[in-house]
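K.L.:
The following file, input-v1.txt, comprises compact mmCIF, C-alpha atoms:
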# COMPACT_ATOMS: atom_id res chain seq x y z
CA MET A 20 86.56 2.76 24.48
CA ASN A 21 89.53 5.09 24.40
CA THR A 22 90.98 6.08 27.70
CA ALA A 23 92.32 9.52 28.39
CA THR A 24 96.04 10.07 28.24
CA VAL A 25 97.14 11.53 31.53
CA THR A 26 100.30 13.60 31.80
CA ALA A 27 101.61 15.16 34.98
CA LEU A 28 102.78 18.66 34.20
CA PRO A 29 104.65 20.53 36.93
CA ILE A 30 103.79 24.17 37.36
CA ASP A 31 106.64 26.51 38.26
CA GLN A 32 109.28 23.77 38.27
CA ALA A 33 111.93 26.02 39.72
CA ALA A 34 109.80 26.63 42.79
CA ALA A 35 108.76 23.00 43.28
CA ALA A 36 109.34 21.55 46.71
CA PRO A 37 111.59 18.56 47.33
CA PRO A 38 109.80 15.23 46.80
CA PRO A 39 107.71 14.08 49.74
CA GLY A 40 108.84 11.24 51.96
CA SER A 41 110.72 12.52 54.99
CA LEU A 42 108.90 13.03 58.27
CA ARG A 43 110.09 16.63 58.42
CA GLU A 44 108.79 17.46 54.95
CA ASP A 45 105.48 15.68 55.55
CA ALA A 46 105.00 17.48 58.87
CA ALA A 47 105.70 20.86 57.25
CA VAL A 48 103.17 20.25 54.48
CA ILE A 49 100.55 19.00 56.94
CA GLY A 50 101.10 22.05 59.15
CA LEU A 51 100.74 24.54 56.30
CA VAL A 52 97.63 22.86 54.91
CA GLY A 53 96.21 22.64 58.43
CA LEU A 54 96.72 26.36 58.96
CA ALA A 55 94.94 27.12 55.70
CA HIS A 56 92.10 24.76 56.61
CA ALA A 57 91.69 26.41 60.02
CA SER A 58 91.36 29.77 58.29
CA SER A 59 88.66 28.29 56.06
CA HIS A 60 86.63 27.02 59.01
CA PHE A 61 87.11 30.34 60.79
CA SER A 62 85.32 31.96 57.85
CA HIS A 63 82.26 29.73 58.41
CA LEU A 64 81.57 31.65 61.61
CA LEU A 65 82.43 35.18 60.51
CA LEU A 66 78.68 35.86 60.52
CA PRO A 67 77.00 33.21 62.77
CA ALA A 68 79.27 33.97 65.74
CA LEU A 69 77.82 37.50 65.80
CA PHE A 70 74.18 36.69 64.98
CA PRO A 71 72.90 37.77 68.43
CA VAL A 72 74.78 41.06 68.03
CA PHE A 73 73.34 41.70 64.57
CA MET A 74 69.80 40.99 65.80
CA LYS A 75 70.16 43.90 68.22
CA GLU A 76 72.28 46.14 65.99
CA PHE A 77 70.20 45.86 62.81
CA GLY A 78 66.88 44.39 64.05
CA LEU A 79 67.17 41.18 62.01
CA SER A 80 65.14 37.97 62.39
CA PHE A 81 66.43 34.40 62.63
CA ALA A 82 65.21 33.74 59.09
CA GLU A 83 67.10 36.76 57.72
CA LEU A 84 70.25 35.74 59.53
CA GLY A 85 69.86 32.15 58.38
CA PHE A 86 69.63 33.36 54.79
CA LEU A 87 73.08 34.94 55.14
CA SER A 88 74.46 31.48 55.91
CA THR A 89 72.48 30.08 53.00
CA VAL A 90 74.10 32.58 50.63
CA PHE A 91 77.56 31.79 52.02
CA PHE A 92 77.21 28.05 51.55
CA PHE A 93 75.34 28.24 48.24
CA ILE A 94 78.23 30.20 46.76
CA SER A 95 80.77 27.95 48.47
CA GLY A 96 79.07 24.76 47.32
CA SER A 97 78.58 25.89 43.73
CA GLY A 98 82.15 27.13 43.60
CA GLN A 99 83.53 24.01 45.24
CA ALA A 100 82.24 21.69 42.53
CA LEU A 101 83.75 23.94 39.87
CA SER A 102 86.98 24.66 41.72
CA GLY A 103 87.83 20.95 41.77
CA PHE A 104 88.24 21.12 37.98
CA LEU A 105 90.28 24.31 38.34
CA VAL A 106 92.62 22.74 40.90
CA ASP A 107 93.19 19.71 38.65
CA ARG A 108 93.97 22.06 35.75
CA VAL A 109 96.14 24.84 37.25
CA GLY A 110 97.29 23.35 40.56
CA ALA A 111 96.24 23.94 44.14
CA ARG A 112 98.63 26.73 45.10
CA PRO A 113 97.32 29.72 43.07
CA VAL A 114 93.73 28.83 43.96
CA LEU A 115 94.65 28.75 47.66
CA PHE A 116 96.21 32.22 47.52
CA ALA A 117 93.15 33.65 45.76
CA SER A 118 90.90 32.17 48.46
CA LEU A 119 92.77 33.91 51.24
CA GLY A 120 92.47 37.18 49.35
CA CYS A 121 88.68 36.69 49.33
CA PHE A 122 88.69 36.16 53.11
CA ILE A 123 90.52 39.46 53.59
CA ALA A 124 87.88 41.16 51.44
CA ALA A 125 85.09 39.53 53.50
CA CYS A 126 86.52 40.80 56.77
CA LEU A 127 86.95 44.32 55.42
CA ALA A 128 83.34 44.22 54.17
CA GLY A 129 82.26 43.28 57.70
CA TYR A 130 84.29 46.12 59.17
CA LEU A 131 82.49 48.59 56.86
CA ALA A 132 79.00 47.04 57.03
CA GLN A 133 76.15 49.45 57.81
CA GLY A 134 73.25 46.99 57.56
CA TYR A 135 71.94 43.78 56.04
CA TRP A 136 73.49 44.29 52.60
CA GLY A 137 76.88 44.91 54.13
CA LEU A 138 76.58 41.58 55.91
CA MET A 139 75.51 40.03 52.61
CA ALA A 140 78.81 41.20 51.11
CA VAL A 141 80.62 39.33 53.89
CA ALA A 142 78.68 36.17 52.97
CA VAL A 143 79.52 36.52 49.27
CA PHE A 144 83.26 37.14 49.66
CA ALA A 145 83.66 34.50 52.38
CA GLY A 146 81.72 31.95 50.31
CA LEU A 147 83.98 32.57 47.32
CA GLY A 148 87.02 32.14 49.53
CA ASN A 149 85.76 28.97 51.16
CA ALA A 150 84.76 27.24 47.92
CA PRO A 151 88.11 25.74 46.81
CA PHE A 152 89.46 24.55 50.15
CA HIS A 153 88.70 20.83 50.11
CA PRO A 154 89.93 20.26 46.53
CA VAL A 155 92.98 22.39 47.33
CA ASP A 156 93.79 20.76 50.68
CA PHE A 157 93.35 17.16 49.63
CA SER A 158 95.18 17.62 46.33
CA ILE A 159 98.19 18.91 48.28
CA LEU A 160 98.00 16.26 50.99
CA ASN A 161 97.47 13.35 48.61
CA GLN A 162 100.40 14.43 46.41
CA ARG A 163 102.87 15.72 48.96
CA VAL A 164 102.40 13.48 52.02
CA SER A 165 103.68 9.89 52.19
CA ALA A 166 100.91 7.31 51.78
CA HIS A 167 101.54 5.68 55.16
CA ARG A 168 101.08 9.03 56.92
CA LEU A 169 97.85 10.05 55.16
CA GLY A 170 95.63 8.88 58.01
CA TYR A 171 97.48 11.17 60.38
CA ALA A 172 97.45 13.95 57.78
CA TYR A 173 93.67 13.70 57.52
CA SER A 174 93.45 13.77 61.29
CA MET A 175 95.47 16.97 61.55
CA HIS A 176 93.48 18.44 58.68
CA GLY A 177 90.22 17.82 60.50
CA LEU A 178 91.72 18.90 63.82
CA SER A 179 92.81 22.23 62.38
CA GLY A 180 89.32 22.79 60.98
CA ASN A 181 87.74 22.25 64.38
CA LEU A 182 90.27 24.59 65.97
CA GLY A 183 89.33 27.23 63.41
CA TRP A 184 85.68 26.79 64.38
CA ALA A 185 86.57 26.94 68.08
CA LEU A 186 88.66 30.09 67.70
CA ALA A 187 86.14 32.12 65.71
CA PRO A 188 83.47 32.72 68.40
CA VAL A 189 86.07 33.46 71.07
CA PHE A 190 88.06 35.73 68.75
CA LEU A 191 85.10 37.74 67.44
CA MET A 192 83.16 37.94 70.71
CA GLY A 193 86.36 38.81 72.56
CA PHE A 194 86.87 41.87 70.41
CA THR A 195 83.16 42.69 70.71
CA ALA A 196 83.41 42.66 74.50
CA TRP A 197 86.67 44.65 74.44
CA GLY A 198 85.67 47.23 71.84
CA ASP A 199 83.05 46.44 69.22
CA TRP A 200 82.35 43.86 66.54
CA ARG A 201 83.96 45.98 63.81
CA ALA A 202 87.30 45.71 65.60
CA GLY A 203 86.92 41.94 65.44
CA TYR A 204 86.53 42.02 61.68
CA LEU A 205 89.54 44.31 61.24
CA ALA A 206 91.66 42.00 63.40
CA ALA A 207 90.46 39.00 61.37
CA ALA A 208 91.51 40.74 58.13
CA LEU A 209 95.00 41.25 59.55
CA MET A 210 95.11 37.60 60.64
CA TYR A 211 94.24 36.39 57.14
CA ALA A 212 96.86 38.70 55.63
CA ALA A 213 99.52 37.19 57.92
CA ILE A 214 98.47 33.64 56.96
CA LEU A 215 98.64 34.51 53.26
CA ALA A 216 102.12 35.99 53.70
CA LEU A 217 103.35 32.83 55.44
CA LEU A 218 101.94 30.52 52.77
CA VAL A 219 103.51 32.61 50.01
CA LEU A 220 106.87 32.35 51.76
CA GLN A 221 106.43 28.56 52.05
CA ARG A 222 104.95 28.13 48.56
CA ARG A 223 107.56 25.53 47.56
CA ARG A 224 105.89 23.04 49.88
CA LEU A 225 102.44 23.68 48.38
CA HIS A 226 103.41 22.71 44.82
CA THR A 227 101.15 20.18 43.10
CA GLN A 228 101.13 18.64 39.65
CA VAL A 229 98.28 19.19 37.25
CA VAL A 230 96.59 16.45 35.29
CA VAL A 231 95.93 17.14 31.61
CA HIS A 232 93.84 14.76 29.50
CA ALA A 233 94.30 14.19 25.79
CA ARG A 234 92.33 16.73 23.75
CA GLN A 235 90.14 14.19 21.99
CA ASP A 236 89.05 12.55 25.23
CA GLY A 237 89.25 15.50 27.60
CA ALA A 238 85.56 16.33 27.78
CA SER A 239 84.39 12.83 28.53
CA ALA A 240 87.32 12.05 30.84
CA GLY A 241 86.64 15.20 32.82
CA VAL A 242 83.12 14.18 33.81
CA ASN A 243 83.26 10.39 33.71
CA PHE A 244 83.59 10.23 37.48
CA LEU A 245 80.06 11.66 37.78
CA ARG A 246 78.73 8.35 36.45
CA LEU A 247 79.99 6.49 39.51
CA PRO A 248 77.18 5.83 42.03
CA VAL A 249 79.66 5.89 44.92
CA VAL A 250 80.38 9.58 44.24
CA TRP A 251 76.72 10.44 44.78
CA TRP A 252 76.47 8.30 47.90
CA CYS A 253 79.43 10.31 49.25
CA PHE A 254 77.62 13.50 48.25
CA ALA A 255 74.48 12.34 50.10
CA PHE A 256 76.51 11.60 53.22
CA PHE A 257 77.91 15.12 53.35
CA LEU A 258 74.55 16.69 52.59
CA LEU A 259 72.80 14.88 55.46
CA SER A 260 75.55 15.08 58.07
CA THR A 261 76.23 18.78 57.63
CA MET A 262 72.56 19.72 57.91
CA THR A 263 73.10 18.69 61.53
CA LEU A 264 76.25 20.72 62.05
CA ALA A 265 74.43 23.77 60.67
CA VAL A 266 72.15 23.72 63.71
CA VAL A 267 75.09 23.70 66.10
CA GLN A 268 76.95 26.51 64.36
CA ASN A 269 74.03 28.83 63.66
CA PHE A 270 71.45 28.28 66.37
CA SER A 271 72.73 26.17 69.29
CA VAL A 272 73.57 29.27 71.36
CA SER A 273 70.06 30.67 70.91
CA ILE A 274 68.47 27.25 71.51
CA MET A 275 70.25 26.76 74.83
CA GLN A 276 69.30 30.28 75.91
CA ALA A 277 65.64 29.81 74.97
CA MET A 278 65.18 26.26 76.33
CA HIS A 279 67.13 26.57 79.55
CA GLY A 280 67.67 30.27 80.24
CA VAL A 281 71.46 29.99 80.29
CA SER A 282 73.52 33.13 79.73
CA PHE A 283 74.85 34.13 76.34
CA GLU A 284 78.41 33.71 77.59
CA SER A 285 77.71 30.16 78.84
CA ALA A 286 76.02 29.16 75.60
CA THR A 287 78.90 30.59 73.55
CA THR A 288 81.35 28.65 75.72
CA MET A 289 79.32 25.51 74.97
CA LEU A 290 79.75 26.11 71.23
CA THR A 291 83.50 26.47 71.70
CA ALA A 292 83.50 23.29 73.82
CA TYR A 293 81.69 21.47 71.01
CA MET A 294 84.42 22.48 68.58
CA LEU A 295 87.23 21.60 70.99
CA CYS A 296 85.67 18.20 71.73
CA GLY A 297 85.44 17.72 67.99
CA ALA A 298 89.14 18.54 67.70
CA VAL A 299 90.03 15.94 70.34
CA GLY A 300 87.82 13.44 68.53
CA VAL A 301 89.53 14.15 65.23
CA PHE A 302 92.95 13.61 66.85
CA ILE A 303 91.87 10.20 68.13
CA GLY A 304 90.12 9.49 64.85
CA GLY A 305 93.38 9.94 62.98
CA VAL A 306 94.87 6.99 64.81
CA VAL A 307 91.74 4.96 64.11
CA ALA A 308 91.83 5.86 60.40
CA ALA A 309 95.50 4.89 60.14
CA LYS A 310 94.94 1.56 61.92
CA VAL A 311 91.78 0.44 60.11
CA PRO A 312 91.79 2.16 56.69
CA LEU A 313 89.89 -0.70 55.05
CA HIS A 314 86.86 -0.22 57.30
CA SER A 315 86.59 3.56 57.23
CA ASP A 316 82.90 3.45 56.26
CA ARG A 317 82.02 1.39 59.35
CA VAL A 318 83.91 3.75 61.62
CA VAL A 319 82.03 6.69 60.10
CA ALA A 320 78.67 4.96 60.48
CA TRP A 321 79.20 4.14 64.16
CA CYS A 322 80.44 7.64 64.99
CA MET A 323 77.55 9.38 63.25
CA GLY A 324 75.06 7.04 64.92
CA VAL A 325 76.39 7.81 68.40
CA GLY A 326 76.44 11.52 67.59
CA ALA A 327 72.80 11.41 66.47
CA LEU A 328 71.70 9.77 69.72
CA LEU A 329 73.58 12.35 71.81
CA MET A 330 72.08 15.25 69.84
CA ALA A 331 68.58 13.86 70.28
CA LEU A 332 69.22 13.58 74.02
CA ALA A 333 70.41 17.20 74.16
CA GLY A 334 67.33 18.32 72.24
CA SER A 335 64.95 16.46 74.53
CA GLY A 336 65.63 18.92 77.37
CA TRP A 337 65.56 16.11 79.93
CA LEU A 338 69.02 16.93 81.27
CA GLY A 339 68.52 20.63 81.98
CA GLY A 340 70.79 23.42 80.82
CA LEU A 341 74.19 22.21 81.97
CA GLY A 342 73.54 18.56 81.11
CA SER A 343 72.25 19.43 77.64
CA MET A 344 75.28 21.58 76.91
CA VAL A 345 77.67 18.85 78.08
CA VAL A 346 75.93 16.22 75.94
CA LEU A 347 75.91 18.52 72.93
CA ALA A 348 79.65 19.05 73.34
CA GLY A 349 79.98 15.25 73.43
CA THR A 350 78.26 15.12 70.06
CA GLY A 351 81.22 17.07 68.69
CA PHE A 352 83.59 14.39 69.99
CA ALA A 353 81.64 11.53 68.38
CA VAL A 354 81.42 13.26 65.01
CA GLY A 355 85.09 14.28 65.25
CA VAL A 356 86.31 10.71 65.69
CA GLY A 357 84.68 9.83 62.38
CA GLY A 358 86.23 12.76 60.50
CA PRO A 359 89.56 11.25 59.35
CA SER A 360 87.87 7.97 58.40
CA ARG A 361 85.36 10.01 56.41
CA ASP A 362 88.19 11.57 54.41
CA MET A 363 89.79 8.15 53.93
CA MET A 364 86.42 6.85 52.73
CA ILE A 365 86.29 9.58 50.07
CA LYS A 366 89.88 8.95 48.97
CA LYS A 367 89.08 5.30 48.35
CA ALA A 368 86.07 6.31 46.25
CA ALA A 369 88.02 8.79 44.06
CA PRO A 370 89.27 7.54 40.66
CA LYS A 371 92.94 8.13 39.93
CA GLY A 372 93.62 11.51 38.32
CA ALA A 373 90.32 13.03 39.45
CA THR A 374 91.07 13.89 43.08
CA GLY A 375 90.24 17.58 42.84
CA ARG A 376 87.04 17.00 40.90
CA VAL A 377 85.77 14.26 43.18
CA TYR A 378 86.55 16.17 46.37
CA GLY A 379 85.02 19.31 44.87
CA THR A 380 81.81 17.51 43.92
CA VAL A 381 81.49 15.44 47.08
CA TYR A 382 82.27 18.27 49.47
CA SER A 383 79.82 20.53 47.67
CA GLY A 384 77.25 18.34 49.42
CA LEU A 385 78.63 19.77 52.66
CA ASP A 386 78.04 23.30 51.47
CA LEU A 387 74.59 22.47 50.09
CA GLY A 388 73.63 21.06 53.49
CA PHE A 389 74.82 24.24 55.19
CA ALA A 390 72.92 26.30 52.60
CA ILE A 391 69.58 24.48 52.96
CA ALA A 392 69.58 23.96 56.71
CA PRO A 393 69.59 27.59 57.95
CA MET A 394 66.48 28.41 55.89
CA ILE A 395 64.58 25.47 57.35
CA TYR A 396 65.85 25.86 60.90
CA GLY A 397 65.46 29.64 60.77
CA VAL A 398 61.72 29.19 60.24
CA PHE A 399 61.59 26.69 63.13
CA MET A 400 63.43 29.11 65.38
CA ASP A 401 61.17 32.05 64.54
CA ARG A 402 58.22 29.82 65.56
CA HIS A 403 60.00 28.88 68.81
CA TRP A 404 60.30 25.20 67.84
CA TYR A 405 63.62 24.87 69.61
CA ALA A 406 63.44 21.20 70.62
CA THR A 407 62.09 20.27 67.19
CA THR A 408 65.09 21.93 65.56
CA MET A 409 67.49 19.73 67.53
CA ILE A 410 65.51 16.52 67.00
CA VAL A 411 65.25 17.04 63.24
CA ALA A 412 69.01 17.59 63.12
CA ALA A 413 69.54 14.33 65.00
CA VAL A 414 67.31 12.42 62.58
CA LEU A 415 69.25 13.75 59.61
CA LEU A 416 72.55 12.76 61.21
CA MET A 417 71.19 9.24 61.71
CA ALA A 418 70.19 9.17 58.03
CA SER A 419 73.82 9.88 57.13
CA VAL A 420 74.70 6.50 58.69
CA TYR A 421 72.79 4.80 55.86
CA ALA A 422 74.69 6.87 53.30
CA ALA A 423 78.06 5.93 54.83
CA VAL A 424 77.14 2.23 54.69
CA GLY A 425 76.14 2.75 51.05
CA VAL A 426 79.53 4.26 50.25
CA GLY A 427 81.31 1.31 51.85
CA ALA A 428 79.24 -1.27 49.97
CA ARG A 429 79.95 0.35 46.60
CA THR A 430 83.64 0.93 47.30
CA ASP A 431 84.10 -2.71 48.36
CA HIS A 432 82.23 -3.84 45.24
CA ALA A 433 84.53 -1.72 43.04
CA ARG A 434 87.59 -3.34 44.58
Turn this file's structure into structure tokens for me.

P.N.:
Amino acid sequence: MNTATVTALPIDQAAAAPPPGSLREDAAVIGLVGLAHASSHFSHLLLPALFPVFMKEFGLSFAELGFLSTVFFFISGSGQALSGFLVDRVGARPVLFASLGCFIAACLAGYLAQGYWGLMAVAVFAGLGNAPFHPVDFSILNQRVSAHRLGYAYSMHGLSGNLGWALAPVFLMGFTAWGDWRAGYLAAALMYAAILALLVLQRRRLHTQVVVHARQDGASAGVNFLRLPVVWWCFAFFLLSTMTLAVVQNFSVSIMQAMHGVSFESATTMLTAYMLCGAVGVFIGGVVAAKVPLHSDRVVAWCMGVGALLMALAGSGWLGGLGSMVVLAGTGFAVGVGGPSRDMMIKKAAPKGATGRVYGTVYSGLDLGFAIAPMIYGVFMDRHWYATTMIVAAVLLMASVYAAVGVGARTDHAR
């Protein structure tokens, strides 16, 4: 069978960055990609962080609010699978700039929103902006960062994402308490504009090469990776694990209030603590990923298993309000430790020359999980099944352990 001819074609050669290798250059690239990734995760909570406010402002139900998240992640997931091909074809940099423009549009739509359809516009623009980030980020990191520093690069990538999650509720609710929620959206639009300006100024460091296949083999070469079972095991892992995270992001504040009568401020602080614990976990996980890259699947499986047990304990209600919130924050730490090893696991599963496409397809499982989960959990919440919501999320996280083991078995077999 003919194999595709692969040629690396630089885009905008005059603006290309110096070759990777030095610690200074690697650190600069990691920092810029991390900033972009944090802005992506910030967008995940542009709506959920203000759900309690919108319930009062517009009289919306949990199911209606959950559907906003479903729209966001459906668009993001569909676009992510497609954007992987786009990144491989035109390079990561122009796609990244377009994404940040979509985030600015989403924030301005939130600032102008007068009801449910205005919030829907936020979901649409933010979903379009979020779609390309994993193919973009990992294409840049894998090309521009030295191989022996990739474990640390993945750690900082995950860490920045958790920090973006942690900042969003504090940022938006802070402006809500100070003025109103519209001011928060306007400030977020200005923040995204500043990030875009910085990345444009540093665009030399975001240069990637595109991979072009020979015309006669291009169609088959472009989709051959979809025939690999390991790709779909990776997809299943992201689908299952993120259906758990969707509970934390969208409904954990309301669950803690309903089950234990804690204040809104305390429950929001718990969500921020979850994200910060996740960030600490990711930092530690980077060291683990760098030290044991050959056993990344086992690291992931253990971390997800511990996280599932902690989430089930938090959902049981046995520990009361404070204890449940502390344990739920600990879940973030356990899942965070597995994050860099998860990314290493995907890198090992990706065929050469198909990084963007594989990351786009695999990480679309993440968005699909976020899209499905709010609809299911929203119904549970409207029926006051608060403990059930947490326990189901824990069961799904435990199921992701099986998927991670499946990825490892098929990657080892391929080697």

K.L.:
Measuring atom to atom with only C-alpha atoms, identify which of A:Val266, A:Leu79, A:Val48, A:Leu138 is nearest to Ser158 (chain A).

P.N.:
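For Ser158 (chain A), the nearest of the given residues is A:Val48.
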
K.L.:
Quick one: residues within 8 Å of (89.9, 27.3, 50.5) (file frame), counting all atoms listed in the file, please, as number ranges by chain.

P.N.:
A: 55-56, 59, 114-115, 118-119, 148-153, 155-156

K.L.:
Within 6 Å of Gly351 (chain A), counting only C-alpha atoms, which residues show up once you throw out same-chain ones fewer than 4 positions away? Write them as a PyMOL selection string, please.

P.N.:
chain A and resi 293+296-297+355

K.L.:
Using only C-alpha atoms, which residue out of A:Ala166, A:Leu69, A:Leu127, A:Val52 lies closest to Gly180 (chain A)?

P.N.:
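Of A:Ala166, A:Leu69, A:Leu127, A:Val52, the one nearest Gly180 (chain A) is A:Val52, counting only C-alpha atoms.
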
K.L.:
Mind pulling up the distance from CA of Leu341 (chain A) to CA of Gly300 (chain A)?

P.N.:
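If I compute the distance from CA of Gly300 (chain A) to CA of Leu341 (chain A), I get 21.1 Å.
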
K.L.:
May I ask you to restore all heavy atoms in region 210-218 of chain A and write the result as an mmCIF file, keeping the file's coordinate frame?

P.N.:
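rebuild_0.cif, written as the output of this step:
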data_model
loop_
_atom_site.group_PDB
_atom_site.id
_atom_site.type_symbol
_atom_site.label_atom_id
_atom_site.label_comp_id
_atom_site.auth_asym_id
_atom_site.auth_seq_id
_atom_site.Cartn_x
_atom_site.Cartn_y
_atom_site.Cartn_z
ATOM 1 N N MET A 210 94.735 39.000 60.445
ATOM 2 C CA MET A 210 95.110 37.600 60.640
ATOM 3 C C MET A 210 95.207 36.867 59.305
ATOM 4 O O MET A 210 96.181 36.143 59.036
ATOM 5 C CB MET A 210 94.081 36.915 61.546
ATOM 6 C CG MET A 210 94.339 35.433 61.777
ATOM 7 S SD MET A 210 92.910 34.591 62.511
ATOM 8 C CE MET A 210 91.773 34.570 61.105
ATOM 9 N N TYR A 211 94.210 37.049 58.445
ATOM 10 C CA TYR A 211 94.240 36.390 57.140
ATOM 11 C C TYR A 211 95.405 36.886 56.288
ATOM 12 O O TYR A 211 96.026 36.097 55.548
ATOM 13 C CB TYR A 211 92.915 36.640 56.399
ATOM 14 C CG TYR A 211 91.801 35.703 56.809
ATOM 15 C CD1 TYR A 211 90.632 36.199 57.388
ATOM 16 C CD2 TYR A 211 91.912 34.334 56.600
ATOM 17 C CE1 TYR A 211 89.601 35.339 57.759
ATOM 18 C CE2 TYR A 211 90.883 33.469 56.969
ATOM 19 C CZ TYR A 211 89.733 33.981 57.545
ATOM 20 O OH TYR A 211 88.725 33.128 57.906
ATOM 21 N N ALA A 212 95.731 38.167 56.381
ATOM 22 C CA ALA A 212 96.860 38.700 55.630
ATOM 23 C C ALA A 212 98.177 38.056 56.089
ATOM 24 O O ALA A 212 99.047 37.727 55.265
ATOM 25 C CB ALA A 212 96.929 40.216 55.791
ATOM 26 N N ALA A 213 98.313 37.834 57.391
ATOM 27 C CA ALA A 213 99.520 37.190 57.920
ATOM 28 C C ALA A 213 99.615 35.743 57.449
ATOM 29 O O ALA A 213 100.702 35.254 57.104
ATOM 30 C CB ALA A 213 99.505 37.261 59.446
ATOM 31 N N ILE A 214 98.474 35.029 57.433
ATOM 32 C CA ILE A 214 98.470 33.640 56.960
ATOM 33 C C ILE A 214 98.855 33.577 55.490
ATOM 34 O O ILE A 214 99.661 32.728 55.079
ATOM 35 C CB ILE A 214 97.082 33.008 57.189
ATOM 36 C CG1 ILE A 214 96.815 32.859 58.686
ATOM 37 C CG2 ILE A 214 96.990 31.646 56.496
ATOM 38 C CD1 ILE A 214 95.392 32.425 59.015
ATOM 39 N N LEU A 215 98.304 34.481 54.687
ATOM 40 C CA LEU A 215 98.640 34.510 53.260
ATOM 41 C C LEU A 215 100.134 34.764 53.068
ATOM 42 O O LEU A 215 100.789 34.108 52.239
ATOM 43 C CB LEU A 215 97.818 35.590 52.561
ATOM 44 C CG LEU A 215 98.130 35.833 51.079
ATOM 45 C CD1 LEU A 215 97.937 34.562 50.266
ATOM 46 C CD2 LEU A 215 97.249 36.952 50.527
ATOM 47 N N ALA A 216 100.690 35.691 53.820
ATOM 48 C CA ALA A 216 102.120 35.990 53.700
ATOM 49 C C ALA A 216 102.969 34.760 54.017
ATOM 50 O O ALA A 216 103.944 34.457 53.314
ATOM 51 C CB ALA A 216 102.479 37.149 54.619
ATOM 52 N N LEU A 217 102.600 34.033 55.077
ATOM 53 C CA LEU A 217 103.350 32.830 55.440
ATOM 54 C C LEU A 217 103.279 31.770 54.351
ATOM 55 O O LEU A 217 104.299 31.150 53.992
ATOM 56 C CB LEU A 217 102.804 32.270 56.758
ATOM 57 C CG LEU A 217 103.404 30.933 57.212
ATOM 58 C CD1 LEU A 217 104.898 31.070 57.476
ATOM 59 C CD2 LEU A 217 102.698 30.421 58.461
ATOM 60 N N LEU A 218 102.095 31.547 53.796
ATOM 61 C CA LEU A 218 101.940 30.520 52.770
ATOM 62 C C LEU A 218 102.684 30.894 51.494
ATOM 63 O O LEU A 218 103.230 30.023 50.809
ATOM 64 C CB LEU A 218 100.459 30.296 52.475
ATOM 65 C CG LEU A 218 99.636 29.717 53.631
ATOM 66 C CD1 LEU A 218 98.189 29.525 53.213
ATOM 67 C CD2 LEU A 218 100.218 28.402 54.129
#
